[in-house]
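Colleague: Data file my_file-v2.cif (mmCIF, C-alpha atoms) is appended below.
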```cif
data_query
loop_
_atom_site.label_atom_id
_atom_site.label_comp_id
_atom_site.auth_asym_id
_atom_site.auth_seq_id
_atom_site.Cartn_x
_atom_site.Cartn_y
_atom_site.Cartn_z
CA ASN X 1023 -179.41 49.07 16.64
CA LYS X 1024 -176.52 51.13 15.30
CA ARG X 1025 -178.69 54.24 15.02
CA GLY X 1026 -180.02 53.70 18.53
CA SER X 1027 -176.49 53.33 19.85
CA SER X 1028 -175.49 56.59 18.15
CA VAL X 1029 -178.41 58.44 19.75
CA GLY X 1030 -177.50 56.96 23.12
CA GLN X 1031 -173.93 58.18 22.72
CA ARG X 1032 -175.20 61.65 21.84
CA TRP X 1033 -177.29 61.81 25.01
CA LEU X 1034 -174.50 60.47 27.22
CA THR X 1035 -171.92 62.90 25.82
CA ALA X 1036 -174.38 65.79 26.17
CA ALA X 1037 -175.16 64.83 29.77
CA ILE X 1038 -171.45 65.00 30.62
CA VAL X 1039 -170.44 68.07 28.63
CA MET X 1040 -173.41 70.40 29.15
CA PRO X 1041 -173.00 70.82 32.96
CA ILE X 1042 -169.29 71.57 32.47
CA VAL X 1043 -170.09 74.24 29.89
CA LEU X 1044 -172.70 75.81 32.17
CA VAL X 1045 -170.24 75.96 35.08
CA PHE X 1046 -167.70 77.88 33.01
CA ALA X 1047 -170.45 80.17 31.71
CA TRP X 1048 -171.39 80.95 35.30
CA LEU X 1049 -167.78 81.54 36.41
CA GLY X 1050 -167.05 84.05 33.64
CA GLY X 1051 -163.87 86.12 33.43
CA TRP X 1052 -160.61 84.30 32.77
CA TRP X 1053 -162.24 80.95 33.60
CA SER X 1054 -164.49 81.38 30.58
CA PHE X 1055 -161.47 82.58 28.60
CA ALA X 1056 -159.58 79.38 29.39
CA ALA X 1057 -162.54 77.19 28.42
CA VAL X 1058 -163.23 79.05 25.16
CA THR X 1059 -159.51 78.99 24.28
CA LEU X 1060 -159.35 75.21 24.69
CA VAL X 1061 -162.47 74.69 22.60
CA VAL X 1062 -161.35 77.04 19.82
CA LEU X 1063 -157.83 75.64 19.55
CA LEU X 1064 -159.19 72.08 19.36
CA GLY X 1065 -161.59 73.22 16.64
CA ALA X 1066 -158.77 74.99 14.80
CA TYR X 1067 -156.64 71.84 14.90
CA GLU X 1068 -159.52 69.79 13.49
CA LEU X 1069 -160.12 72.33 10.73
CA HIS X 1070 -156.41 72.40 9.93
CA MET X 1071 -156.34 68.60 9.58
CA MET X 1072 -159.47 68.67 7.40
CA LEU X 1073 -157.83 71.17 5.06
CA ARG X 1074 -154.63 69.12 4.93
CA HIS X 1075 -156.76 66.12 4.00
CA ALA X 1076 -157.98 68.14 1.00
CA GLY X 1077 -154.42 69.00 -0.03
CA HIS X 1078 -154.15 72.48 1.51
CA HIS X 1079 -151.40 73.61 3.88
CA PRO X 1080 -152.50 76.64 5.94
CA ILE X 1081 -149.99 78.04 8.41
CA MET X 1082 -151.32 76.72 11.71
CA PRO X 1083 -149.02 78.74 14.05
CA VAL X 1084 -150.18 82.00 12.43
CA SER X 1085 -153.85 80.93 12.64
CA ALA X 1086 -153.44 79.99 16.32
CA CYS X 1087 -151.73 83.28 17.21
CA LEU X 1088 -154.41 85.35 15.46
CA ILE X 1089 -157.10 83.32 17.24
CA MET X 1090 -155.46 84.20 20.56
CA PHE X 1091 -155.41 87.89 19.62
CA PHE X 1092 -159.18 87.76 18.99
CA LEU X 1093 -159.86 86.03 22.30
CA VAL X 1094 -157.52 88.18 24.38
CA ALA X 1095 -158.94 91.36 22.83
CA ALA X 1096 -162.42 90.35 24.02
CA MET X 1097 -161.20 90.46 27.62
CA PHE X 1098 -160.28 94.16 27.51
CA PRO X 1099 -162.23 97.46 27.29
CA PRO X 1100 -163.04 98.78 23.77
CA ALA X 1101 -160.03 101.13 23.45
CA GLN X 1102 -157.47 98.45 24.32
CA ARG X 1103 -159.48 95.86 22.37
CA LEU X 1104 -159.13 97.85 19.16
CA LEU X 1105 -155.38 98.23 19.64
CA ILE X 1106 -154.95 94.48 20.22
CA LEU X 1107 -157.02 93.63 17.14
CA GLU X 1108 -155.10 96.09 14.97
CA SER X 1109 -151.78 94.68 16.16
CA GLY X 1110 -152.84 91.06 15.73
CA LEU X 1111 -154.28 91.48 12.24
CA SER X 1112 -151.30 93.52 11.06
CA ALA X 1113 -148.82 90.98 12.39
CA ALA X 1114 -150.74 88.05 10.89
CA LEU X 1115 -150.90 89.77 7.50
CA VAL X 1116 -147.16 90.41 7.34
CA ILE X 1117 -145.89 87.22 8.98
CA SER X 1118 -148.12 84.93 6.94
CA PHE X 1119 -146.71 86.31 3.68
CA LEU X 1120 -143.14 86.18 4.96
CA TRP X 1121 -143.71 82.56 5.92
CA LEU X 1122 -144.92 81.72 2.42
CA PHE X 1123 -141.89 83.34 0.78
CA PHE X 1124 -139.72 80.50 2.07
CA ARG X 1125 -141.92 77.67 0.86
CA LYS X 1126 -140.29 75.21 -1.49
CA GLN X 1127 -143.55 74.76 -3.41
CA LEU X 1128 -145.21 78.06 -4.38
CA GLU X 1129 -148.17 76.47 -6.14
CA GLY X 1130 -151.27 77.02 -4.02
CA ALA X 1131 -149.47 79.49 -1.74
CA PHE X 1132 -152.12 82.19 -2.05
CA VAL X 1133 -154.93 79.75 -1.22
CA ASP X 1134 -153.01 78.56 1.84
CA TRP X 1135 -152.48 82.18 2.92
CA ALA X 1136 -156.21 82.89 2.61
CA LEU X 1137 -157.09 79.74 4.54
CA THR X 1138 -154.61 80.68 7.28
CA LEU X 1139 -156.53 83.87 7.97
CA ALA X 1140 -159.92 82.26 7.35
CA ILE X 1141 -159.40 79.68 10.10
CA ALA X 1142 -158.73 82.44 12.65
CA ILE X 1143 -161.67 84.59 11.55
CA TYR X 1144 -164.10 81.68 11.31
CA LEU X 1145 -163.27 80.32 14.76
CA GLY X 1146 -161.48 83.01 16.77
CA TRP X 1147 -163.61 85.99 15.79
CA SER X 1148 -166.95 84.23 16.20
CA MET X 1149 -166.12 82.50 19.50
CA SER X 1150 -164.74 85.72 20.99
CA PHE X 1151 -168.34 86.93 21.21
CA PHE X 1152 -168.95 84.39 23.98
CA LEU X 1153 -166.43 86.31 26.11
CA LEU X 1154 -167.87 89.69 25.14
CA LEU X 1155 -171.37 88.49 25.96
CA ARG X 1156 -170.44 87.00 29.34
CA GLY X 1157 -168.38 89.88 30.77
CA TYR X 1158 -166.79 89.95 34.22
CA GLU X 1159 -169.80 90.32 36.53
CA ILE X 1160 -169.61 87.79 39.36
CA GLY X 1161 -172.60 85.60 40.13
CA TRP X 1162 -174.02 83.84 43.19
CA PRO X 1163 -172.81 83.06 45.84
CA PHE X 1164 -170.23 85.83 45.67
CA ASN X 1165 -172.66 88.63 44.86
CA HIS X 1166 -174.55 88.08 48.16
CA GLY X 1167 -177.88 87.78 46.37
CA PRO X 1168 -180.23 84.84 45.74
CA TRP X 1169 -178.96 82.22 43.31
CA TRP X 1170 -181.50 83.08 40.63
CA LEU X 1171 -180.15 86.64 40.34
CA LEU X 1172 -177.50 85.61 37.86
CA PRO X 1173 -175.45 88.29 36.06
CA ARG X 1174 -177.00 89.51 32.84
CA GLY X 1175 -174.07 88.07 30.91
CA VAL X 1176 -174.88 84.60 32.21
CA TRP X 1177 -178.50 84.92 31.09
CA TRP X 1178 -177.39 86.02 27.63
CA LEU X 1179 -175.05 83.04 27.42
CA LEU X 1180 -177.85 80.75 28.55
CA THR X 1181 -179.97 82.23 25.77
CA VAL X 1182 -177.34 81.18 23.23
CA LEU X 1183 -176.58 77.78 24.71
CA LEU X 1184 -180.09 76.62 25.57
CA GLY X 1185 -181.51 78.17 22.40
CA VAL X 1186 -179.05 76.33 20.15
CA TRP X 1187 -179.12 73.09 22.14
CA GLY X 1188 -182.90 73.15 22.08
CA PHE X 1189 -182.93 73.90 18.37
CA ASP X 1190 -180.45 71.12 17.55
CA THR X 1191 -182.30 68.55 19.64
CA ALA X 1192 -185.75 69.35 18.25
CA ALA X 1193 -184.43 69.62 14.69
CA PHE X 1194 -182.69 66.24 14.99
CA PHE X 1195 -185.74 64.32 16.18
CA THR X 1196 -188.30 66.24 14.11
CA GLY X 1197 -186.25 65.74 10.98
CA ARG X 1198 -185.62 62.10 11.81
CA TYR X 1199 -189.29 61.17 12.24
CA PHE X 1200 -191.14 63.74 10.12
CA GLY X 1201 -188.56 65.03 7.64
CA ARG X 1202 -189.69 64.90 4.01
CA HIS X 1203 -188.45 68.05 2.27
CA LYS X 1204 -184.69 68.49 1.97
CA LEU X 1205 -183.25 71.81 3.16
CA ALA X 1206 -179.93 71.82 1.29
CA PRO X 1207 -179.44 68.43 -0.37
CA ARG X 1208 -176.17 69.35 -2.09
CA ILE X 1209 -174.57 70.43 1.19
CA SER X 1210 -176.23 68.34 3.91
CA PRO X 1211 -178.70 65.73 2.60
CA GLY X 1212 -179.91 64.80 6.07
CA LYS X 1213 -181.33 68.20 6.99
CA THR X 1214 -184.99 68.94 6.26
CA TRP X 1215 -187.35 71.90 6.44
CA GLU X 1216 -189.48 69.97 8.93
CA GLY X 1217 -186.44 69.69 11.19
CA VAL X 1218 -185.82 73.43 10.96
CA PHE X 1219 -189.40 74.31 11.88
CA GLY X 1220 -189.36 71.84 14.76
CA GLY X 1221 -186.09 73.32 16.00
CA LEU X 1222 -187.45 76.86 15.82
CA VAL X 1223 -190.25 75.96 18.22
CA LEU X 1224 -187.81 74.92 20.93
CA SER X 1225 -185.37 77.78 20.27
CA ILE X 1226 -188.19 80.30 20.68
CA ILE X 1227 -189.30 78.66 23.94
CA ALA X 1228 -185.73 78.68 25.29
CA VAL X 1229 -185.24 82.35 24.40
CA LEU X 1230 -188.55 83.30 26.01
CA LEU X 1231 -187.57 81.55 29.25
CA CYS X 1232 -184.08 83.11 29.36
CA THR X 1233 -184.86 86.69 28.37
CA VAL X 1234 -188.40 87.83 29.18
CA LYS X 1235 -188.35 87.53 32.96
CA PRO X 1236 -184.59 87.49 33.75
CA LEU X 1237 -183.58 90.26 31.31
CA GLY X 1238 -186.81 92.21 30.83
CA VAL X 1239 -186.95 91.64 27.07
CA PRO X 1240 -190.47 92.13 25.61
CA TRP X 1241 -191.99 88.80 24.62
CA TYR X 1242 -192.45 89.77 20.99
CA LEU X 1243 -188.77 90.71 20.67
CA ALA X 1244 -187.82 87.46 22.36
CA ILE X 1245 -189.78 85.56 19.69
CA VAL X 1246 -187.93 87.49 16.97
CA LEU X 1247 -184.62 86.64 18.65
CA GLY X 1248 -185.62 82.96 18.92
CA ILE X 1249 -186.30 82.83 15.18
CA ALA X 1250 -183.07 84.70 14.34
CA LEU X 1251 -181.08 82.44 16.67
CA GLY X 1252 -182.51 79.31 15.07
CA CYS X 1253 -181.78 80.61 11.56
CA ALA X 1254 -178.21 81.48 12.58
CA ALA X 1255 -177.79 77.97 14.00
CA VAL X 1256 -178.88 76.50 10.66
CA VAL X 1257 -176.43 78.70 8.74
CA GLY X 1258 -173.61 77.74 11.11
CA ASP X 1259 -174.41 74.05 10.75
CA LEU X 1260 -174.59 74.26 6.95
CA ALA X 1261 -171.35 76.25 6.83
CA GLU X 1262 -169.46 73.47 8.58
CA SER X 1263 -171.21 70.86 6.43
CA LEU X 1264 -169.98 72.72 3.35
CA ILE X 1265 -166.42 72.70 4.73
CA LYS X 1266 -166.63 68.96 5.40
CA ARG X 1267 -167.99 68.30 1.92
CA GLN X 1268 -165.22 70.37 0.35
CA THR X 1269 -162.55 68.57 2.39
CA HIS X 1270 -164.10 65.10 1.88
CA VAL X 1271 -164.55 64.14 5.54
CA LYS X 1272 -167.60 62.87 7.40
CA ASP X 1273 -166.83 64.39 10.81
CA SER X 1274 -164.34 67.00 11.91
CA GLY X 1275 -162.96 64.57 14.50
CA GLN X 1276 -163.85 61.89 17.03
CA ILE X 1277 -163.31 63.68 20.33
CA MET X 1278 -167.03 63.66 21.26
CA PRO X 1279 -168.71 60.24 20.86
CA GLY X 1280 -172.02 60.50 19.04
CA HIS X 1281 -171.28 64.05 17.92
CA GLY X 1282 -167.98 63.78 16.05
CA GLY X 1283 -165.37 66.46 16.61
CA MET X 1284 -165.33 69.69 18.57
CA LEU X 1285 -166.12 71.66 15.43
CA ASP X 1286 -169.17 69.48 14.83
CA ARG X 1287 -170.45 70.46 18.27
CA ILE X 1288 -169.86 74.22 18.14
CA ASP X 1289 -170.73 74.95 14.50
CA SER X 1290 -174.31 76.07 15.28
CA LEU X 1291 -173.18 78.13 18.27
CA MET X 1292 -170.60 80.18 16.38
CA PHE X 1293 -173.07 82.19 14.30
CA ALA X 1294 -175.86 82.19 16.89
CA VAL X 1295 -173.71 83.96 19.49
CA ILE X 1296 -173.03 86.81 17.05
CA VAL X 1297 -176.78 87.29 16.52
CA VAL X 1298 -177.50 87.31 20.27
CA TYR X 1299 -174.62 89.72 20.97
CA ALA X 1300 -175.89 92.13 18.29
CA PHE X 1301 -179.41 91.87 19.70
CA ALA X 1302 -178.19 92.54 23.25
CA GLN X 1303 -176.31 95.62 22.06
CA LEU X 1304 -179.31 96.97 20.16
CA ILE X 1305 -181.63 96.75 23.15
CA GLY X 1306 -179.02 97.94 25.59
CA GLY X 1307 -178.51 94.56 27.25
#
```
Would it be possible to restate this file's structure as structure tokens?
Modeller:
Amino acid sequence: NKRGSSVGQRWLTAAIVMPIVLVFAWLGGWWSFAAVTLVVLLGAYELHMMLRHAGHHPIMPVSACLIMFFLVAAMFPPAQRLLILESGLSAALVISFLWLFFRKQLEGAFVDWALTLAIAIYLGWSMSFFLLLRGYEIGWPFNHGPWWLLPRGVWWLLTVLLGVWGFDTAAFFTGRYFGRHKLAPRISPGKTWEGVFGGLVLSIIAVLLCTVKPLGVPWYLAIVLGIALGCAAVVGDLAESLIKRQTHVKDSGQIMPGHGGMLDRIDSLMFAVIVVYAFAQLIGG
């Protein structure tokens, strides 16, 4: 009964959250920026608390500021983007060390400095690709075309979102009912190879639907992208599982019933969006 209740909570939370995410993906521009900023800062707070639980003390204000530099830079053309990134990284490097100089306890200072920057890179850098992928192009009804002629950036975002959501859903149920061979037992004992293969089927289908007709991607390349997206989702999921194991927590938080914290929900997306962005750039998308 407890397991059934957990699955029910997962479905209910997904039914509420997914339409909201899709609306902000469609709106694009600074609307998407606001949504991504909220998600990333919540994830950063959860990660900060996880690290504190393990006895570390990263400098959260520096992490948050560097995260904002990554996200803001994604909203500008390449020339200005590079200048913003250079300024943000330089400032974070100097200020983080200055901050540590005034600590009463110097033991573990270097680890805390590294974790301060790692939080921003892990979350801010990866999630900034959602903004780069979406772009500013306005969709229906403001583009005076039929509703299905969505901007290319929306279709690429749908590729990421539906591909990862499909992968996670299929992997969860395939692993639950057919899982026998452990994928990474020392990191995440619940994940199985059967779950991965089941997830790949749905991620490939989602990518085919979102890219072949809407974006003109050849079907064989779409299959390659579906496999790469699924593999990136697995790596992202295992990466967060490793962090949780190292910090001795079960979930990153409790903000999303049935899913855990915000970081638990976006872990698979963070690496998958980088793969899709690179693919889109390679094919001129």
Colleague: Using all atoms listed in the file, which residue out of X:Val1257, X:Leu1155, X:Val1182, X:Met1278 lies closest to Ala1206 (chain X)?
Modeller: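 Selected residue with least distance to Ala1206 (chain X): X:Val1257.
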Colleague: Given the PyMOL selection byres ((chain X and resi 1228) around 10) and the file above, list the residues it selects as a VMD selection string.
Modeller: chain X and resid 1180 to 1189 1222 to 1227 1229 to 1233 1244 to 1245 1248
Colleague: If the PyMOL selection byres ((chain X and resi 1133) around 12) were run on this exact file, what residues would it hold? Put them as a list in words.
Modeller: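 In the shown coordinates, the PyMOL selection byres ((chain X and resi 1133) around 12) covers Leu1073, Gly1077, His1078, His1079, Pro1080, Ile1081, Ser1118, Phe1119, Leu1122, Leu1128, Glu1129, Gly1130, Ala1131, Phe1132, Asp1134, Trp1135, Ala1136, Leu1137, Thr1138, Leu1139 and Ala1140 of chain X.
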Colleague: Determine the residue membership of the PyMOL selection byres ((chain X and resi 1201) around 12) for the file above and supply it as a PDB file with C-alpha atoms, in the frame of the given file.
Modeller:
```pdb
ATOM      1  CA  ALA X1192    -185.750  69.350  18.250  1.00  0.00           C
ATOM      2  CA  ALA X1193    -184.430  69.620  14.690  1.00  0.00           C
ATOM      3  CA  PHE X1194    -182.690  66.240  14.990  1.00  0.00           C
ATOM      4  CA  PHE X1195    -185.740  64.320  16.180  1.00  0.00           C
ATOM      5  CA  THR X1196    -188.300  66.240  14.110  1.00  0.00           C
ATOM      6  CA  GLY X1197    -186.250  65.740  10.980  1.00  0.00           C
ATOM      7  CA  ARG X1198    -185.620  62.100  11.810  1.00  0.00           C
ATOM      8  CA  TYR X1199    -189.290  61.170  12.240  1.00  0.00           C
ATOM      9  CA  PHE X1200    -191.140  63.740  10.120  1.00  0.00           C
ATOM     10  CA  ARG X1202    -189.690  64.900   4.010  1.00  0.00           C
ATOM     11  CA  HIS X1203    -188.450  68.050   2.270  1.00  0.00           C
ATOM     12  CA  LYS X1204    -184.690  68.490   1.970  1.00  0.00           C
ATOM     13  CA  LEU X1205    -183.250  71.810   3.160  1.00  0.00           C
ATOM     14  CA  PRO X1211    -178.700  65.730   2.600  1.00  0.00           C
ATOM     15  CA  GLY X1212    -179.910  64.800   6.070  1.00  0.00           C
ATOM     16  CA  LYS X1213    -181.330  68.200   6.990  1.00  0.00           C
ATOM     17  CA  THR X1214    -184.990  68.940   6.260  1.00  0.00           C
ATOM     18  CA  TRP X1215    -187.350  71.900   6.440  1.00  0.00           C
ATOM     19  CA  GLU X1216    -189.480  69.970   8.930  1.00  0.00           C
ATOM     20  CA  GLY X1217    -186.440  69.690  11.190  1.00  0.00           C
ATOM     21  CA  VAL X1218    -185.820  73.430  10.960  1.00  0.00           C
ATOM     22  CA  PHE X1219    -189.400  74.310  11.880  1.00  0.00           C
ATOM     23  CA  GLY X1220    -189.360  71.840  14.760  1.00  0.00           C
TER      24      GLY X1220
END
```
Colleague: Work out how far apart CA of Asp1289 (chain X) and CA of Asp1190 (chain X) are and give it in Å to one decimal.
Modeller: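 Computing it gives 10.9 Å between the two atoms.
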Colleague: So how far away is CA of Glu1108 (chain X) from CA of Phe1092 (chain X), in Å?
Modeller: 10.1 Å
Colleague: So which residues touch region 1056-1063 of chain X within 9 Å, counting all atoms listed in the file, skipping near sequence neighbours fewer than 2 positions away, as an mmCIF file with C-alpha atoms, in the frame of the given file?
Modeller:
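Printed below is part.cif as written:
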```
data_model
loop_
_atom_site.group_PDB
_atom_site.id
_atom_site.type_symbol
_atom_site.label_atom_id
_atom_site.label_comp_id
_atom_site.auth_asym_id
_atom_site.auth_seq_id
_atom_site.Cartn_x
_atom_site.Cartn_y
_atom_site.Cartn_z
ATOM 1 C CA VAL X 1043 -170.090 74.240 29.890
ATOM 2 C CA PHE X 1046 -167.700 77.880 33.010
ATOM 3 C CA GLY X 1051 -163.870 86.120 33.430
ATOM 4 C CA TRP X 1052 -160.610 84.300 32.770
ATOM 5 C CA TRP X 1053 -162.240 80.950 33.600
ATOM 6 C CA SER X 1054 -164.490 81.380 30.580
ATOM 7 C CA GLY X 1065 -161.590 73.220 16.640
ATOM 8 C CA ALA X 1066 -158.770 74.990 14.800
ATOM 9 C CA TYR X 1067 -156.640 71.840 14.900
ATOM 10 C CA GLU X 1068 -159.520 69.790 13.490
ATOM 11 C CA ALA X 1086 -153.440 79.990 16.320
ATOM 12 C CA ILE X 1089 -157.100 83.320 17.240
ATOM 13 C CA MET X 1090 -155.460 84.200 20.560
ATOM 14 C CA LEU X 1093 -159.860 86.030 22.300
ATOM 15 C CA LEU X 1145 -163.270 80.320 14.760
ATOM 16 C CA GLY X 1146 -161.480 83.010 16.770
ATOM 17 C CA MET X 1149 -166.120 82.500 19.500
ATOM 18 C CA SER X 1150 -164.740 85.720 20.990
ATOM 19 C CA PHE X 1152 -168.950 84.390 23.980
ATOM 20 C CA LEU X 1153 -166.430 86.310 26.110
ATOM 21 C CA MET X 1284 -165.330 69.690 18.570
ATOM 22 C CA LEU X 1285 -166.120 71.660 15.430
ATOM 23 C CA ILE X 1288 -169.860 74.220 18.140
#
```
Colleague: Calculated over only C-alpha atoms, which of the candidates X:Gln1268, X:Ile1106, X:Val1298, X:Leu1179 has the smallest distance to Ile1249 (chain X)?
Modeller: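 Nearest to Ile1249 (chain X): X:Val1298.
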Colleague: How many Å separate CA of Gly1157 (chain X) from CA of Ser1085 (chain X)?
Modeller: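 Interatomic distance, CA of Gly1157 (chain X) to CA of Ser1085 (chain X): 24.9 Å.
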Colleague: Give me the box for region 1130-1148 of chain X as lines of an AutoDock Vina configuration file, namely the centre and edge lengths in Å to one decimal of a box along x, y and z that holds every listed atom plus 5 Å on each side.
Modeller:
```
center_x = -158.2
center_y = 81.5
center_z = 6.4
size_x = 27.5
size_y = 19.0
size_z = 30.8
```
Colleague: Could you give me, as a PyMOL selection string, the residues within 9 Å of Ala1076 (chain X), counting only C-alpha atoms and dropping anything in the same chain fewer than 3 positions from it?
Modeller: chain X and resi 1071-1073+1268-1271
Colleague: Rebuild all heavy atoms on region 1259-1267 of chain X, as an mmCIF file, keeping the file's coordinate frame?
Modeller:
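Listed below is the output, out_16.cif:
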```cif
data_model
loop_
_atom_site.group_PDB
_atom_site.id
_atom_site.type_symbol
_atom_site.label_atom_id
_atom_site.label_comp_id
_atom_site.auth_asym_id
_atom_site.auth_seq_id
_atom_site.Cartn_x
_atom_site.Cartn_y
_atom_site.Cartn_z
ATOM 1 N N ASP X 1259 -174.478 75.495 10.994
ATOM 2 C CA ASP X 1259 -174.410 74.050 10.750
ATOM 3 C C ASP X 1259 -174.111 73.769 9.273
ATOM 4 O O ASP X 1259 -173.252 72.935 8.938
ATOM 5 C CB ASP X 1259 -175.735 73.417 11.153
ATOM 6 C CG ASP X 1259 -175.612 71.911 11.354
ATOM 7 O OD1 ASP X 1259 -174.640 71.330 10.850
ATOM 8 O OD2 ASP X 1259 -176.494 71.316 11.997
ATOM 9 N N LEU X 1260 -174.809 74.468 8.380
ATOM 10 C CA LEU X 1260 -174.590 74.260 6.950
ATOM 11 C C LEU X 1260 -173.195 74.718 6.524
ATOM 12 O O LEU X 1260 -172.591 74.115 5.627
ATOM 13 C CB LEU X 1260 -175.656 75.010 6.146
ATOM 14 C CG LEU X 1260 -177.074 74.440 6.204
ATOM 15 C CD1 LEU X 1260 -178.033 75.327 5.424
ATOM 16 C CD2 LEU X 1260 -177.105 73.017 5.652
ATOM 17 N N ALA X 1261 -172.695 75.771 7.159
ATOM 18 C CA ALA X 1261 -171.350 76.250 6.830
ATOM 19 C C ALA X 1261 -170.314 75.176 7.103
ATOM 20 O O ALA X 1261 -169.421 74.921 6.279
ATOM 21 C CB ALA X 1261 -171.033 77.527 7.624
ATOM 22 N N GLU X 1262 -170.436 74.526 8.272
ATOM 23 C CA GLU X 1262 -169.460 73.470 8.580
ATOM 24 C C GLU X 1262 -169.683 72.255 7.690
ATOM 25 O O GLU X 1262 -168.722 71.581 7.298
ATOM 26 C CB GLU X 1262 -169.568 73.073 10.050
ATOM 27 C CG GLU X 1262 -168.305 72.376 10.560
ATOM 28 C CD GLU X 1262 -168.585 71.016 11.186
ATOM 29 O OE1 GLU X 1262 -169.764 70.696 11.395
ATOM 30 O OE2 GLU X 1262 -167.616 70.286 11.441
ATOM 31 N N SER X 1263 -170.935 71.966 7.346
ATOM 32 C CA SER X 1263 -171.210 70.860 6.430
ATOM 33 C C SER X 1263 -170.569 71.111 5.072
ATOM 34 O O SER X 1263 -170.050 70.180 4.429
ATOM 35 C CB SER X 1263 -172.727 70.668 6.267
ATOM 36 O OG SER X 1263 -173.331 70.269 7.477
ATOM 37 N N LEU X 1264 -170.609 72.364 4.620
ATOM 38 C CA LEU X 1264 -169.980 72.720 3.350
ATOM 39 C C LEU X 1264 -168.463 72.510 3.418
ATOM 40 O O LEU X 1264 -167.849 71.989 2.480
ATOM 41 C CB LEU X 1264 -170.290 74.171 2.995
ATOM 42 C CG LEU X 1264 -169.676 74.711 1.703
ATOM 43 C CD1 LEU X 1264 -170.164 73.907 0.495
ATOM 44 C CD2 LEU X 1264 -170.019 76.194 1.530
ATOM 45 N N ILE X 1265 -167.866 72.901 4.549
ATOM 46 C CA ILE X 1265 -166.420 72.700 4.730
ATOM 47 C C ILE X 1265 -166.097 71.210 4.693
ATOM 48 O O ILE X 1265 -165.129 70.783 4.035
ATOM 49 C CB ILE X 1265 -165.947 73.325 6.051
ATOM 50 C CG1 ILE X 1265 -166.082 74.852 5.999
ATOM 51 C CG2 ILE X 1265 -164.498 72.948 6.341
ATOM 52 C CD1 ILE X 1265 -165.829 75.540 7.320
ATOM 53 N N LYS X 1266 -166.886 70.406 5.382
ATOM 54 C CA LYS X 1266 -166.630 68.960 5.400
ATOM 55 C C LYS X 1266 -166.795 68.357 4.003
ATOM 56 O O LYS X 1266 -166.019 67.472 3.604
ATOM 57 C CB LYS X 1266 -167.570 68.267 6.400
ATOM 58 C CG LYS X 1266 -167.244 68.584 7.847
ATOM 59 C CD LYS X 1266 -167.988 67.693 8.808
ATOM 60 C CE LYS X 1266 -169.467 67.982 8.835
ATOM 61 N NZ LYS X 1266 -170.159 67.220 9.904
ATOM 62 N N ARG X 1267 -167.785 68.815 3.273
ATOM 63 C CA ARG X 1267 -167.990 68.300 1.920
ATOM 64 C C ARG X 1267 -166.820 68.686 1.017
ATOM 65 O O ARG X 1267 -166.377 67.898 0.187
ATOM 66 C CB ARG X 1267 -169.313 68.813 1.366
ATOM 67 C CG ARG X 1267 -169.696 68.228 0.019
ATOM 68 C CD ARG X 1267 -171.163 68.452 -0.273
ATOM 69 N NE ARG X 1267 -171.996 67.662 0.605
ATOM 70 C CZ ARG X 1267 -172.365 66.406 0.375
ATOM 71 N NH1 ARG X 1267 -171.930 65.787 -0.713
ATOM 72 N NH2 ARG X 1267 -173.129 65.740 1.203
#
```
